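So this block is upload18.txt, compact mmCIF, C-alpha atoms:
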```
# COMPACT_ATOMS: atom_id res chain seq x y z
CA LYS X 1 -149.19 -128.82 -31.13
CA ILE X 2 -149.27 -132.27 -29.57
CA GLY X 3 -145.57 -132.13 -28.81
CA SER X 4 -146.01 -128.80 -27.03
CA LEU X 5 -148.76 -130.22 -24.82
CA ILE X 6 -146.99 -133.42 -23.83
CA PRO X 7 -143.43 -132.82 -22.62
CA PRO X 8 -140.81 -134.54 -24.79
CA LEU X 9 -139.00 -137.49 -23.27
CA PRO X 10 -135.32 -138.42 -23.45
CA LEU X 11 -133.93 -140.25 -26.46
CA GLN X 12 -133.15 -143.26 -24.24
CA SER X 13 -136.91 -143.92 -24.06
CA CYS X 14 -137.06 -144.24 -27.84
CA LEU X 15 -134.21 -146.74 -27.84
CA ALA X 16 -135.42 -148.87 -24.94
CA LEU X 17 -137.49 -151.32 -27.02
CA ARG X 18 -136.04 -154.79 -26.96
CA PRO X 19 -137.44 -158.22 -27.76
CA CYS X 20 -138.75 -160.40 -24.97
CA PHE X 21 -140.69 -163.59 -25.54
CA SER X 22 -141.99 -164.37 -22.06
CA PRO X 23 -144.56 -162.38 -20.06
CA MET X 24 -143.36 -160.49 -16.99
CA ALA X 25 -144.23 -162.25 -13.77
CA GLY X 26 -147.69 -161.25 -12.57
CA ALA X 27 -148.27 -158.92 -15.53
CA THR X 28 -151.55 -158.70 -17.40
CA THR X 29 -151.35 -160.66 -20.67
CA ALA X 30 -154.16 -158.86 -22.49
CA VAL X 31 -156.20 -155.71 -21.85
CA LYS X 32 -159.36 -154.14 -23.21
CA ILE X 33 -159.81 -150.40 -23.60
CA SER X 34 -163.41 -149.29 -24.09
CA GLY X 35 -165.71 -146.30 -23.75
CA ARG X 36 -164.06 -143.81 -26.08
CA LYS X 37 -166.49 -141.90 -28.31
CA GLY X 38 -165.30 -139.28 -30.76
CA ARG X 39 -161.87 -138.55 -32.16
CA TYR X 40 -159.59 -141.59 -32.53
CA GLU X 41 -162.12 -143.98 -30.99
CA GLN X 42 -161.29 -146.57 -33.67
CA PHE X 43 -157.62 -146.43 -32.63
CA ILE X 44 -158.20 -146.38 -28.86
CA ASN X 45 -161.01 -148.90 -28.21
CA GLY X 46 -160.03 -152.52 -28.60
CA THR X 47 -158.38 -155.58 -27.14
CA TYR X 48 -154.61 -155.35 -26.81
CA GLU X 49 -152.34 -158.39 -26.55
CA GLN X 50 -148.81 -158.53 -25.17
CA MET X 51 -146.65 -158.36 -28.27
CA GLY X 52 -143.53 -159.99 -26.84
CA ALA X 53 -141.45 -156.84 -26.34
CA ILE X 54 -140.31 -154.75 -23.40
CA HIS X 55 -140.22 -150.94 -23.62
CA ASN X 56 -138.97 -148.97 -20.62
CA ASP X 57 -139.04 -152.13 -18.46
CA ARG X 58 -142.72 -152.77 -19.13
CA GLN X 59 -144.72 -154.93 -21.52
CA VAL X 60 -145.90 -153.51 -24.84
CA PHE X 61 -149.43 -154.32 -25.99
CA VAL X 62 -150.79 -154.19 -29.55
CA THR X 63 -154.36 -154.34 -30.84
CA ARG X 64 -155.61 -157.38 -32.70
CA ASP X 65 -156.85 -155.10 -35.51
CA ALA X 66 -155.24 -154.83 -38.93
CA GLN X 67 -154.53 -151.14 -38.20
CA ALA X 68 -152.29 -151.55 -35.17
CA SER X 69 -152.38 -149.33 -32.09
CA TYR X 70 -149.83 -149.79 -29.32
CA LEU X 71 -150.20 -149.43 -25.56
CA PHE X 72 -146.90 -148.81 -23.79
CA HIS X 73 -145.27 -146.86 -20.98
CA THR X 74 -143.17 -143.77 -21.63
CA GLY X 75 -140.70 -144.69 -18.91
CA LYS X 76 -141.54 -141.66 -16.82
CA SER X 77 -145.17 -141.16 -15.90
CA ARG X 78 -147.59 -142.31 -18.56
CA TRP X 79 -149.21 -145.24 -20.28
CA VAL X 80 -150.07 -144.12 -23.81
CA VAL X 81 -151.95 -145.41 -26.84
CA SER X 82 -150.14 -144.52 -30.05
CA LYS X 83 -149.65 -145.64 -33.64
CA ARG X 84 -146.02 -146.60 -32.96
CA VAL X 85 -143.80 -147.49 -30.02
CA ASP X 86 -141.62 -144.46 -29.35
CA ASP X 87 -141.30 -141.81 -26.64
CA GLY X 88 -145.08 -141.29 -26.49
CA THR X 89 -144.92 -137.57 -27.26
CA ALA X 90 -147.55 -137.85 -30.01
CA CYS X 91 -150.34 -140.20 -28.98
CA TYR X 92 -154.10 -140.72 -29.10
CA CYS X 93 -154.56 -140.79 -25.32
CA TYR X 94 -152.66 -141.34 -22.09
CA VAL X 95 -153.12 -141.99 -18.38
CA GLU X 96 -150.74 -140.78 -15.67
CA ASP X 97 -149.23 -143.79 -13.89
CA ALA X 98 -145.74 -144.95 -12.91
CA GLY X 99 -146.68 -148.60 -12.37
CA THR X 100 -145.90 -151.72 -14.37
CA ASP X 101 -149.46 -152.80 -15.19
CA PRO X 102 -151.79 -150.50 -17.17
CA VAL X 103 -154.88 -152.11 -15.63
CA GLN X 104 -153.77 -150.80 -12.22
CA ALA X 105 -153.62 -147.16 -13.39
CA LYS X 106 -155.94 -145.09 -11.19
CA GLY X 107 -156.25 -141.80 -13.07
CA SER X 108 -158.56 -140.76 -15.89
CA TRP X 109 -157.54 -141.28 -19.49
CA VAL X 110 -156.80 -138.01 -21.26
CA CYS X 111 -157.70 -137.98 -24.97
CA PHE X 112 -157.01 -135.67 -27.91
CA ASP X 113 -160.41 -134.25 -28.84
CA GLN X 114 -162.05 -133.03 -32.05
CA ASP X 115 -161.05 -129.43 -31.30
CA LYS X 116 -157.41 -130.52 -30.88
CA GLU X 117 -157.45 -130.04 -27.10
CA TRP X 118 -156.51 -132.62 -24.46
CA ARG X 119 -159.35 -133.58 -22.11
CA ALA X 120 -159.95 -136.22 -19.46
CA ASP X 121 -162.51 -138.78 -20.66
CA THR X 122 -164.01 -140.53 -17.64
CA LYS X 123 -165.84 -142.98 -19.92
CA VAL X 124 -162.59 -144.60 -21.08
CA HIS X 125 -161.79 -147.69 -19.04
CA ILE X 126 -159.12 -150.37 -19.18
CA THR X 127 -159.68 -153.88 -17.88
CA GLY X 128 -157.86 -157.18 -18.00
CA ALA X 129 -158.89 -159.50 -20.83
CA LEU X 130 -158.35 -163.09 -21.83
CA ALA X 131 -155.38 -163.56 -24.13
CA SER X 132 -156.43 -164.88 -27.52
CA ASN X 133 -155.86 -168.50 -28.42
CA ASP X 134 -156.37 -167.72 -32.09
CA LYS X 135 -153.31 -168.90 -34.01
CA PHE X 136 -153.43 -165.90 -36.37
CA VAL X 137 -153.43 -163.45 -33.44
CA LYS X 138 -150.45 -165.29 -31.95
CA LEU X 139 -148.69 -165.19 -35.31
CA ARG X 140 -149.33 -161.44 -35.51
CA MET X 141 -147.82 -160.93 -32.04
CA SER X 142 -144.70 -162.91 -32.90
CA LEU X 143 -144.30 -161.07 -36.23
CA ASP X 144 -144.57 -157.67 -34.54
CA ALA X 145 -141.81 -158.64 -32.12
CA GLU X 146 -139.66 -159.97 -34.98
CA LEU X 147 -140.15 -156.79 -37.02
CA ASP X 148 -139.11 -154.70 -34.01
CA LYS X 149 -136.00 -156.81 -33.58
CA LEU X 150 -135.11 -156.25 -37.24
CA GLY X 151 -135.70 -152.50 -37.03
CA LEU X 152 -138.65 -152.60 -39.40
CA GLN X 153 -141.17 -150.73 -37.24
CA SER X 154 -139.58 -147.70 -35.57
CA ALA X 155 -139.72 -144.47 -37.56
CA ASP X 156 -136.00 -143.76 -37.11
CA SER X 157 -134.97 -147.23 -38.30
CA LEU X 158 -137.27 -147.05 -41.30
CA LYS X 159 -135.92 -143.63 -42.28
CA ALA X 160 -132.36 -144.95 -42.08
CA LEU X 161 -133.29 -147.98 -44.19
CA TRP X 162 -135.03 -145.79 -46.77
CA LYS X 163 -132.00 -143.50 -47.01
CA ARG X 164 -129.81 -146.54 -47.64
CA LEU X 165 -132.23 -147.97 -50.20
CA ASP X 166 -132.81 -144.64 -51.99
CA PHE X 167 -129.09 -143.93 -52.24
CA ASN X 168 -129.46 -141.23 -54.93
CA GLY X 169 -132.09 -139.36 -52.89
CA ASN X 170 -134.78 -139.04 -55.57
CA ASN X 171 -137.49 -140.76 -53.45
CA ILE X 172 -138.00 -143.40 -56.14
CA VAL X 173 -136.79 -146.99 -55.99
CA SER X 174 -137.21 -149.79 -58.52
CA LEU X 175 -138.06 -153.41 -57.78
CA ALA X 176 -134.52 -154.31 -58.83
CA GLU X 177 -133.10 -151.90 -56.22
CA ILE X 178 -135.37 -153.38 -53.54
CA ASP X 179 -134.31 -156.90 -54.50
CA LYS X 180 -130.64 -155.92 -54.38
CA PHE X 181 -131.12 -154.24 -51.00
CA VAL X 182 -132.83 -157.32 -49.50
CA LEU X 183 -130.07 -159.59 -50.86
CA GLU X 184 -127.40 -157.36 -49.28
CA MET X 185 -129.18 -157.28 -45.91
CA VAL X 186 -129.64 -161.07 -45.88
CA SER X 187 -126.17 -161.98 -47.18
CA GLY X 188 -124.61 -159.56 -44.68
CA GLY X 189 -126.40 -161.30 -41.81
CA THR X 190 -128.45 -158.26 -40.81
CA TRP X 191 -131.74 -159.89 -41.83
CA PRO X 192 -132.70 -163.59 -41.66
CA ALA X 193 -132.90 -165.67 -44.84
CA TRP X 194 -136.72 -165.90 -44.74
CA LEU X 195 -136.95 -162.22 -45.67
CA ASN X 196 -135.47 -163.12 -49.07
CA ASN X 197 -138.16 -165.70 -49.82
CA LYS X 198 -139.09 -165.21 -53.50
```
Take the structure in the file and write it out as structure tokens.
Amino acid sequence: KIGSLIPPLPLQSCLALRPCFSPMAGATTAVKISGRKGRYEQFINGTYEQMGAIHNDRQVFVTRDAQASYLFHTGKSRWVVSKRVDDGTACYCYVEDAGTDPVQAKGSWVCFDQDKEWRADTKVHITGALASNDKFVKLRMSLDAELDKLGLQSADSLKALWKRLDFNGNNIVSLAEIDKFVLEMVSGGTWPAWLNNK
């Protein structure tokens, strides 16, 4: 149902995520979304930090929470909050805007409500926030960017990795198979050595 309400975007949008470790000139380094009450409020409200990645020529932001939510641009007309960085078709909420800074978006945020309908929520606001100096938050941001670079976050990459790991297709893998898989990925140069740190 969500996909039928939000037009699908081209595959190029899904593939446009690339690592970037310096903020865009003049871009907001952290934002705060507040005011959402009801469905998905725990995934929408929060402080989002730049995660060190560019998606569709704009910064990607991620919450400081253990359960990550991502704020990113679809590349066409929307900033969205979603559980993963992709084309934005399935998301918790969005705002129409073609700009490069989500804080500058002028429209109302549209959220997916309890009755599974999309509605504008005028109480949802986004403002600039101070970037965290907490070393654990900074570590989280750098790890998210590193995981993206290694293909360990996008749904398509994870499916491909699972298919390779579960080579017999029974949806069960042993610890020995996981260990062998990690060794192959590290020795082949696909993954860095620290991922094989036993």
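The shell of residues at most 12 Å from segment 178-181 of chain X, with only C-alpha atoms counted and near chain neighbours (fewer than 6 positions) removed, consists of Leu161, Trp162, Lys163, Arg164, Leu165, Asp166, Phe167, Ile172, Ser187, Gly188, Thr190, Trp191, Leu195, Asn196, Asn197 and Lys198 of chain X.
With atom CA of Ser69 of chain X on one side and atom CA of Trp109 of chain X on the other, the separation reads 15.8 Å.
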If we count all atoms listed in the file and set the cut-off at 6 Å, which residues sit around Thr47 of chain X, ignoring sequence neighbours fewer than 5 positions away in its own chain? Please answer as a list in words. Val31, Lys32 and Thr63 of chain X
If I take atom CA of Ala53 of chain X and atom CA of Tyr40 of chain X, how far is one from the other in Å, to one decimal? 24.5 Å
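Closest to Asp87 of chain X among X:Ile44, X:Leu71, X:Cys111, X:Val186 is X:Leu71, based on all atoms listed in the file.
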